[in-house]
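Chemist: What follows is a single structure, and I will ask about it in a moment.
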Amino acid sequence: MTQTPALSLTNICRSFGPVQVLHDVDITLAAGEVHALIGENGAGKSTTMKIMSGYLAPTSGTLTLNGQPVSLANSQDAEAQGVVLIHQEFNLADQLSVEQNIFLGHEKKRGFLLDKAGMQAETRALLARLNCQVDPSARVRDIANADKQMVEIAKALSRNASVLIMDEPTAVLTEREAEVLFEQVEQLRAEGVAILFTSHKLDEVKRISDKITILRDGHVVSSGPASDCNEDQMAESMVGRDVSSLYPVRVGSVGTEPALEVSNFSVPGFAQDISFTLKKGEILGVSGLIGSGRTETMEGLIGLRTATGDVRINGMPVNLRSPRQAQDAGLCYLTEDRKSRGLLLSKGMRENLTLQSLPDFTNWLINQNSEEMALTKAIEDFDIRAPTREVAVGNLSGGNQQKLLIAKVMLAAPNIVIIDEPTRGIDIGTKQQIYEFIHMLSQQGKSIIVISSEMQEVIGLADRVIVMRTGRIAGEVSGADMTEDRIVRLAMGLGAQKEEAA
């Protein structure tokens, strides 16, 4: 049975000034079909989705909606015609409530007055459909990132879209929350909605998609049924090279001397009695479910949160009350939220790498060339790709933003680096690069803590893994015991041993 085309792009090109980022892109979304669009960061996915949803106009080519050529004036025009984009970056007003965000610009009215009761009832129904327990009256700024993603999805569902474009919808969701989302996708597909789905998680792409289109450098390099390719083939088409060896082989051995010792450490309300040792040159993984206290513990260590306990760096006791004090002691932290807390998105690379990073910027001004040399070295060492050095960081791909954040932190020359969610929202090619950077740092004698929601990531990178649950360390695994099963059981409070068969 041939499915009805809902939205088509034909010979779509897009240029920004002299730089062409899309080259004759053809994609057809069919009613009742999930079509995955994948590629490395910078391949052109975001530009393609913005053209589909009215945020950008193509430089040339044809956009067809329900069989008719169409020119979308803006995103509101697209939504009025049934095309809705769920943004990767939250498109929410932090100061407004969940309910107000869902109906912003589409408020329900009873006569001349707002129908607050009706909007609240529909908000509760939409959130219940997503198994989301957030209070409709809660301010968006006060809810967790995973809940914000569910609000974005609820907002899209409220628009009754015939074409739904989902940009990395599971990036901040737990596996359980992602399962709820997939159930909604299945229901929408059954209702005849055409869905474009992007994700860097290739197992999700393989599982949920009917068709897959792969972009590389703005060109469609592959398009066809999802059943025709496996995850390895997808990855190789995306990056143009073999990525079967995703994690670097560990070279050398971990030192014996402790770089960081943490004892009886607590962050009120988030973590209690945390004790662990990080050795010189070691990569220590930290795993656990969202809400286990992983991030809050590390934020307490670097002075972002009030904390108590004994902390020693290179055997010397320290009392770190701010990130600057931590940096001066040789300890730096890469936040999981690079866009809101890690980088200045409206500024260029120079401002992000120098003014915000160097321990003492005045020392660098003694030599007028030092700033430019530092920038050049950072760009080269971490392979940061941008059309110009002056481009606003917010316009870089997610992978290049993450590499810039790593470069920014490393300019402070830390000996201990805490990296929170190192590859969230990053394509597989850039993941491979970042894993190589992490191993390179450990080989240089740096001590690394990696916090990740992806168990394969901590297993592939770490020398050993501590697992947190409800604010405490539930256990530690290393060597042959570093398996998903052991980590999951510790994270769920089931212990490391498998249950005996009944």
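Residues are referred to by chain and number: the chain letter is A, B, ... according to the order shown in the structure tokens, the number counts from 1 in that chain, and ligands are numbered separately from 1 in the order shown.
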Applying 9 Å and only C-alpha atoms, which residues near Ser158 of chain A remain after dropping the ones on its own chain fewer than 3 positions away? List them as an NGL selection string.
Modeler: :A and (102-103 or 122-123 or 126 or 153-155 or 161)
Chemist: Could the residues in this selection be saved with all heavy atoms as a PDB file, in the first residue's frame?
Modeler:
ATOM      1  N   ILE A 102       1.936  25.726  27.183  1.00  0.00           N
ATOM      2  CA  ILE A 102       1.283  24.831  26.239  1.00  0.00           C
ATOM      3  C   ILE A 102       0.297  25.589  25.349  1.00  0.00           C
ATOM      4  O   ILE A 102       0.180  25.314  24.148  1.00  0.00           O
ATOM      5  CB  ILE A 102       0.589  23.679  26.989  1.00  0.00           C
ATOM      6  CG1 ILE A 102       1.667  22.716  27.524  1.00  0.00           C
ATOM      7  CG2 ILE A 102      -0.404  22.938  26.097  1.00  0.00           C
ATOM      8  CD1 ILE A 102       1.134  21.581  28.363  1.00  0.00           C
ATOM      9  N   PHE A 103      -0.378  26.581  25.907  1.00  0.00           N
ATOM     10  CA  PHE A 103      -1.400  27.301  25.140  1.00  0.00           C
ATOM     11  C   PHE A 103      -0.965  28.698  24.715  1.00  0.00           C
ATOM     12  O   PHE A 103      -1.789  29.468  24.219  1.00  0.00           O
ATOM     13  CB  PHE A 103      -2.698  27.389  25.959  1.00  0.00           C
ATOM     14  CG  PHE A 103      -3.405  26.065  26.074  1.00  0.00           C
ATOM     15  CD1 PHE A 103      -3.242  25.273  27.207  1.00  0.00           C
ATOM     16  CD2 PHE A 103      -4.193  25.593  25.046  1.00  0.00           C
ATOM     17  CE1 PHE A 103      -3.876  24.052  27.307  1.00  0.00           C
ATOM     18  CE2 PHE A 103      -4.827  24.365  25.132  1.00  0.00           C
ATOM     19  CZ  PHE A 103      -4.668  23.585  26.270  1.00  0.00           C
ATOM     20  N   GLU A 122      -7.224  20.335  29.947  1.00  0.00           N
ATOM     21  CA  GLU A 122      -6.570  19.755  28.781  1.00  0.00           C
ATOM     22  C   GLU A 122      -5.081  19.546  29.035  1.00  0.00           C
ATOM     23  O   GLU A 122      -4.498  18.561  28.584  1.00  0.00           O
ATOM     24  CB  GLU A 122      -6.773  20.642  27.552  1.00  0.00           C
ATOM     25  CG  GLU A 122      -6.244  19.995  26.282  1.00  0.00           C
ATOM     26  CD  GLU A 122      -6.693  20.706  25.016  1.00  0.00           C
ATOM     27  OE1 GLU A 122      -7.702  21.434  25.059  1.00  0.00           O
ATOM     28  OE2 GLU A 122      -6.021  20.525  23.979  1.00  0.00           O
ATOM     29  N   THR A 123      -4.453  20.470  29.783  1.00  0.00           N
ATOM     30  CA  THR A 123      -3.038  20.310  30.136  1.00  0.00           C
ATOM     31  C   THR A 123      -2.841  19.049  30.966  1.00  0.00           C
ATOM     32  O   THR A 123      -1.915  18.262  30.716  1.00  0.00           O
ATOM     33  CB  THR A 123      -2.536  21.528  30.915  1.00  0.00           C
ATOM     34  OG1 THR A 123      -2.632  22.688  30.092  1.00  0.00           O
ATOM     35  CG2 THR A 123      -1.083  21.347  31.347  1.00  0.00           C
ATOM     36  N   LEU A 126      -3.134  16.037  28.677  1.00  0.00           N
ATOM     37  CA  LEU A 126      -1.953  15.867  27.820  1.00  0.00           C
ATOM     38  C   LEU A 126      -0.774  15.309  28.611  1.00  0.00           C
ATOM     39  O   LEU A 126      -0.065  14.409  28.149  1.00  0.00           O
ATOM     40  CB  LEU A 126      -1.568  17.207  27.191  1.00  0.00           C
ATOM     41  CG  LEU A 126      -2.489  17.735  26.091  1.00  0.00           C
ATOM     42  CD1 LEU A 126      -2.182  19.202  25.807  1.00  0.00           C
ATOM     43  CD2 LEU A 126      -2.340  16.910  24.821  1.00  0.00           C
ATOM     44  N   ILE A 153       6.586  18.287  24.206  1.00  0.00           N
ATOM     45  CA  ILE A 153       5.846  17.273  23.465  1.00  0.00           C
ATOM     46  C   ILE A 153       4.345  17.477  23.655  1.00  0.00           C
ATOM     47  O   ILE A 153       3.559  17.387  22.700  1.00  0.00           O
ATOM     48  CB  ILE A 153       6.280  15.867  23.907  1.00  0.00           C
ATOM     49  CG1 ILE A 153       7.750  15.639  23.536  1.00  0.00           C
ATOM     50  CG2 ILE A 153       5.396  14.790  23.281  1.00  0.00           C
ATOM     51  CD1 ILE A 153       8.387  14.442  24.212  1.00  0.00           C
ATOM     52  N   ALA A 154       3.931  17.778  24.896  1.00  0.00           N
ATOM     53  CA  ALA A 154       2.506  18.040  25.160  1.00  0.00           C
ATOM     54  C   ALA A 154       2.020  19.237  24.351  1.00  0.00           C
ATOM     55  O   ALA A 154       0.904  19.238  23.814  1.00  0.00           O
ATOM     56  CB  ALA A 154       2.292  18.284  26.654  1.00  0.00           C
ATOM     57  N   LYS A 155       2.859  20.262  24.249  1.00  0.00           N
ATOM     58  CA  LYS A 155       2.501  21.454  23.474  1.00  0.00           C
ATOM     59  C   LYS A 155       2.271  21.082  22.012  1.00  0.00           C
ATOM     60  O   LYS A 155       1.306  21.536  21.384  1.00  0.00           O
ATOM     61  CB  LYS A 155       3.613  22.502  23.598  1.00  0.00           C
ATOM     62  CG  LYS A 155       3.308  23.821  22.913  1.00  0.00           C
ATOM     63  CD  LYS A 155       4.340  24.883  23.266  1.00  0.00           C
ATOM     64  CE  LYS A 155       5.681  24.602  22.653  1.00  0.00           C
ATOM     65  NZ  LYS A 155       6.629  25.721  22.814  1.00  0.00           N
ATOM     66  N   ALA A 161      -1.174  18.162  15.134  1.00  0.00           N
ATOM     67  CA  ALA A 161      -0.345  18.240  13.932  1.00  0.00           C
ATOM     68  C   ALA A 161      -0.625  17.087  12.976  1.00  0.00           C
ATOM     69  O   ALA A 161      -0.883  15.954  13.392  1.00  0.00           O
ATOM     70  CB  ALA A 161       1.129  18.225  14.332  1.00  0.00           C
TER      71      ALA A 161
END
Chemist: What lies within 10 Å of segment 438-445 of chain A using only C-alpha atoms, ignoring chain neighbours under 4 positions off, as a list in words?
Modeler: Tyr247, Pro248, Val249, Arg250, Val251, Gly252, Ser253, Val254, Gly255, Ala259, Lys279, Lys280, Gly281, Glu282, Ile283, Ile406, Met410, Asn415, Ile416, Val417, Ile419, Pro422, Gln433, Ile434, Ile449, Val450, Leu461 and Ala462 of chain A
Chemist: Between A:Ile86, A:Ile448, A:Ala378, A:Ile426, which is the closest to Leu260 of chain A once you count only C-alpha atoms?
Modeler: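 Of A:Ile86, A:Ile448, A:Ala378, A:Ile426, the one nearest Leu260 of chain A is A:Ile448, counting only C-alpha atoms.
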Chemist: Would you compute the distance between atom CA of Asp481 of chain A and atom CA of Val286 of chain A? Give it in Å to one decimal.
Modeler: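 Computing it gives 14.8 Å between the two atoms.
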Chemist: Given only C-alpha atoms as the basis, pick out the residue of A:Arg486, A:Lys45, A:Arg472, A:Arg464 nearest to Thr213 of chain A.
Modeler: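 Distance minimum relative to Thr213 of chain A lands on A:Lys45.
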Chemist: When you draw a straight line from atom CA of Met119 of chain A to atom CA of Asn131 of chain A, how long is it in Å?
Modeler: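 Atom CA of Asn131 of chain A lies 18.1 Å from atom CA of Met119 of chain A.
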Chemist: From the list A:Leu334, A:Ala329, A:Met373, A:Ala386, which residue is nearest Val19 of chain A when using only C-alpha atoms?
Modeler: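 Under the stated criterion, the closest residue is A:Ala386.
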Chemist: Measure the distance from atom CA of Arg139 of chain A to atom CA of Asn101 of chain A in Å and round it to one decimal.
Modeler: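 Distance reported for this atom pair: 9.4 Å.
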Chemist: Taking only C-alpha atoms into account, which of A:Tyr333, A:Phe437, A:Phe197, A:Tyr55 comes nearest Asp381 of chain A?
Modeler: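 When distances to Asp381 of chain A are compared using only C-alpha atoms, the smallest one comes from A:Phe437.
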Chemist: Identify, with DSSP run on backbone atoms, the residues in segment 230-430 of chain A assigned to alpha helix (DSSP H), and express the list as a PyMOL selection string.
Modeler: chain A and resi 231-239+294-301+323-328+349-353+361-365+370-381+398-410+428-430
Chemist: Might you pull out every residue within 12 Å of Glu421 of chain A, with only C-alpha atoms counted and same-chain residues fewer than 4 positions away left off, and present them as number ranges by chain?
Modeler: A: 171-172, 285-287, 290, 294-295, 333-338, 402, 425-426, 431, 434-435, 449-455, 457-458
Chemist: Could you dump the residues just selected with N, CA, C and O atoms as an mmCIF file, in the first residue's frame?
Modeler:
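Writing the result to again_26.cif gives the following:
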data_model
loop_
_atom_site.group_PDB
_atom_site.id
_atom_site.type_symbol
_atom_site.label_atom_id
_atom_site.label_comp_id
_atom_site.auth_asym_id
_atom_site.auth_seq_id
_atom_site.Cartn_x
_atom_site.Cartn_y
_atom_site.Cartn_z
ATOM 1 N N ALA A 171 16.859 13.292 24.040
ATOM 2 C CA ALA A 171 18.208 13.638 24.496
ATOM 3 C C ALA A 171 18.301 13.777 26.010
ATOM 4 O O ALA A 171 19.318 13.439 26.606
ATOM 5 N N VAL A 172 17.245 14.308 26.662
ATOM 6 C CA VAL A 172 17.297 14.516 28.114
ATOM 7 C C VAL A 172 16.333 13.593 28.858
ATOM 8 O O VAL A 172 16.054 13.807 30.038
ATOM 9 N N GLY A 285 34.128 6.414 36.153
ATOM 10 C CA GLY A 285 32.761 6.616 35.698
ATOM 11 C C GLY A 285 31.810 6.751 36.880
ATOM 12 O O GLY A 285 32.005 6.110 37.915
ATOM 13 N N VAL A 286 30.801 7.610 36.725
ATOM 14 C CA VAL A 286 29.747 7.748 37.725
ATOM 15 C C VAL A 286 28.414 7.514 37.022
ATOM 16 O O VAL A 286 28.053 8.244 36.097
ATOM 17 N N SER A 287 27.711 6.481 37.446
ATOM 18 C CA SER A 287 26.451 6.111 36.826
ATOM 19 C C SER A 287 25.335 6.179 37.857
ATOM 20 O O SER A 287 25.576 6.382 39.051
ATOM 21 N N ILE A 290 18.697 9.292 36.668
ATOM 22 C CA ILE A 290 18.493 10.727 36.873
ATOM 23 C C ILE A 290 17.783 10.921 38.205
ATOM 24 O O ILE A 290 16.811 10.236 38.520
ATOM 25 N N ARG A 294 23.996 12.362 41.212
ATOM 26 C CA ARG A 294 25.314 12.367 40.559
ATOM 27 C C ARG A 294 25.817 13.790 40.321
ATOM 28 O O ARG A 294 26.905 14.167 40.760
ATOM 29 N N THR A 295 25.021 14.551 39.590
ATOM 30 C CA THR A 295 25.431 15.915 39.227
ATOM 31 C C THR A 295 25.562 16.797 40.454
ATOM 32 O O THR A 295 26.531 17.566 40.595
ATOM 33 N N TYR A 333 35.198 21.630 36.118
ATOM 34 C CA TYR A 333 33.941 20.909 35.876
ATOM 35 C C TYR A 333 33.340 21.347 34.546
ATOM 36 O O TYR A 333 33.185 22.545 34.289
ATOM 37 N N LEU A 334 33.004 20.382 33.693
ATOM 38 C CA LEU A 334 32.263 20.644 32.465
ATOM 39 C C LEU A 334 30.798 20.331 32.727
ATOM 40 O O LEU A 334 30.414 19.173 32.919
ATOM 41 N N THR A 335 29.962 21.364 32.732
ATOM 42 C CA THR A 335 28.554 21.201 33.035
ATOM 43 C C THR A 335 27.832 20.359 31.990
ATOM 44 O O THR A 335 28.226 20.322 30.814
ATOM 45 N N GLU A 336 26.763 19.700 32.412
ATOM 46 C CA GLU A 336 25.932 18.946 31.473
ATOM 47 C C GLU A 336 25.110 19.878 30.592
ATOM 48 O O GLU A 336 24.614 19.484 29.541
ATOM 49 N N ASP A 337 24.928 21.136 31.014
ATOM 50 C CA ASP A 337 24.094 22.099 30.287
ATOM 51 C C ASP A 337 24.997 23.139 29.640
ATOM 52 O O ASP A 337 25.164 24.242 30.131
ATOM 53 N N ARG A 338 25.608 22.751 28.523
ATOM 54 C CA ARG A 338 26.596 23.635 27.893
ATOM 55 C C ARG A 338 25.978 24.938 27.397
ATOM 56 O O ARG A 338 26.644 25.969 27.340
ATOM 57 N N GLN A 402 30.388 21.444 22.211
ATOM 58 C CA GLN A 402 30.948 20.614 23.275
ATOM 59 C C GLN A 402 32.469 20.594 23.222
ATOM 60 O O GLN A 402 33.141 20.652 24.257
ATOM 61 N N GLY A 425 23.449 14.689 23.034
ATOM 62 C CA GLY A 425 23.080 15.417 21.828
ATOM 63 C C GLY A 425 24.191 15.524 20.802
ATOM 64 O O GLY A 425 24.187 16.417 19.964
ATOM 65 N N ILE A 426 25.140 14.583 20.844
ATOM 66 C CA ILE A 426 26.308 14.630 19.962
ATOM 67 C C ILE A 426 26.250 13.458 18.991
ATOM 68 O O ILE A 426 25.907 12.339 19.367
ATOM 69 N N LYS A 431 31.291 11.973 18.934
ATOM 70 C CA LYS A 431 31.461 11.160 20.138
ATOM 71 C C LYS A 431 32.825 10.484 20.120
ATOM 72 O O LYS A 431 33.560 10.496 21.110
ATOM 73 N N ILE A 434 35.488 12.932 20.990
ATOM 74 C CA ILE A 434 35.498 13.335 22.398
ATOM 75 C C ILE A 434 36.043 12.208 23.272
ATOM 76 O O ILE A 434 36.791 12.450 24.227
ATOM 77 N N TYR A 435 35.705 10.967 22.941
ATOM 78 C CA TYR A 435 36.268 9.843 23.687
ATOM 79 C C TYR A 435 37.796 9.822 23.552
ATOM 80 O O TYR A 435 38.525 9.527 24.513
ATOM 81 N N ILE A 449 36.732 12.363 35.880
ATOM 82 C CA ILE A 449 35.465 11.774 36.328
ATOM 83 C C ILE A 449 34.453 12.003 35.220
ATOM 84 O O ILE A 449 34.253 13.138 34.771
ATOM 85 N N VAL A 450 33.835 10.933 34.743
ATOM 86 C CA VAL A 450 32.832 11.017 33.684
ATOM 87 C C VAL A 450 31.476 10.610 34.249
ATOM 88 O O VAL A 450 31.308 9.482 34.722
ATOM 89 N N ILE A 451 30.526 11.539 34.225
ATOM 90 C CA ILE A 451 29.142 11.246 34.619
ATOM 91 C C ILE A 451 28.345 11.050 33.343
ATOM 92 O O ILE A 451 28.390 11.902 32.446
ATOM 93 N N SER A 452 27.626 9.953 33.223
ATOM 94 C CA SER A 452 26.874 9.716 31.999
ATOM 95 C C SER A 452 25.633 8.881 32.275
ATOM 96 O O SER A 452 25.648 7.976 33.106
ATOM 97 N N SER A 453 24.556 9.207 31.547
ATOM 98 C CA SER A 453 23.327 8.412 31.607
ATOM 99 C C SER A 453 23.405 7.214 30.676
ATOM 100 O O SER A 453 22.547 6.336 30.723
ATOM 101 N N GLU A 454 24.415 7.204 29.791
ATOM 102 C CA GLU A 454 24.589 6.091 28.856
ATOM 103 C C GLU A 454 25.550 5.073 29.460
ATOM 104 O O GLU A 454 26.747 5.329 29.587
ATOM 105 N N MET A 455 25.022 3.928 29.824
ATOM 106 C CA MET A 455 25.849 2.929 30.495
ATOM 107 C C MET A 455 26.988 2.431 29.620
ATOM 108 O O MET A 455 28.100 2.209 30.088
ATOM 109 N N GLU A 457 28.589 4.110 27.587
ATOM 110 C CA GLU A 457 29.606 5.152 27.576
ATOM 111 C C GLU A 457 30.538 5.030 28.784
ATOM 112 O O GLU A 457 31.768 5.074 28.635
ATOM 113 N N VAL A 458 29.962 4.887 29.975
ATOM 114 C CA VAL A 458 30.828 4.779 31.151
ATOM 115 C C VAL A 458 31.603 3.464 31.134
ATOM 116 O O VAL A 458 32.771 3.419 31.540
#
Chemist: DSSP on the backbone: what in segment 33-89 of chain A comes out strand (DSSP E), as a VMD selection string?
Modeler: chain A and resid 34 to 38 60 to 65 68 to 69 83 to 86
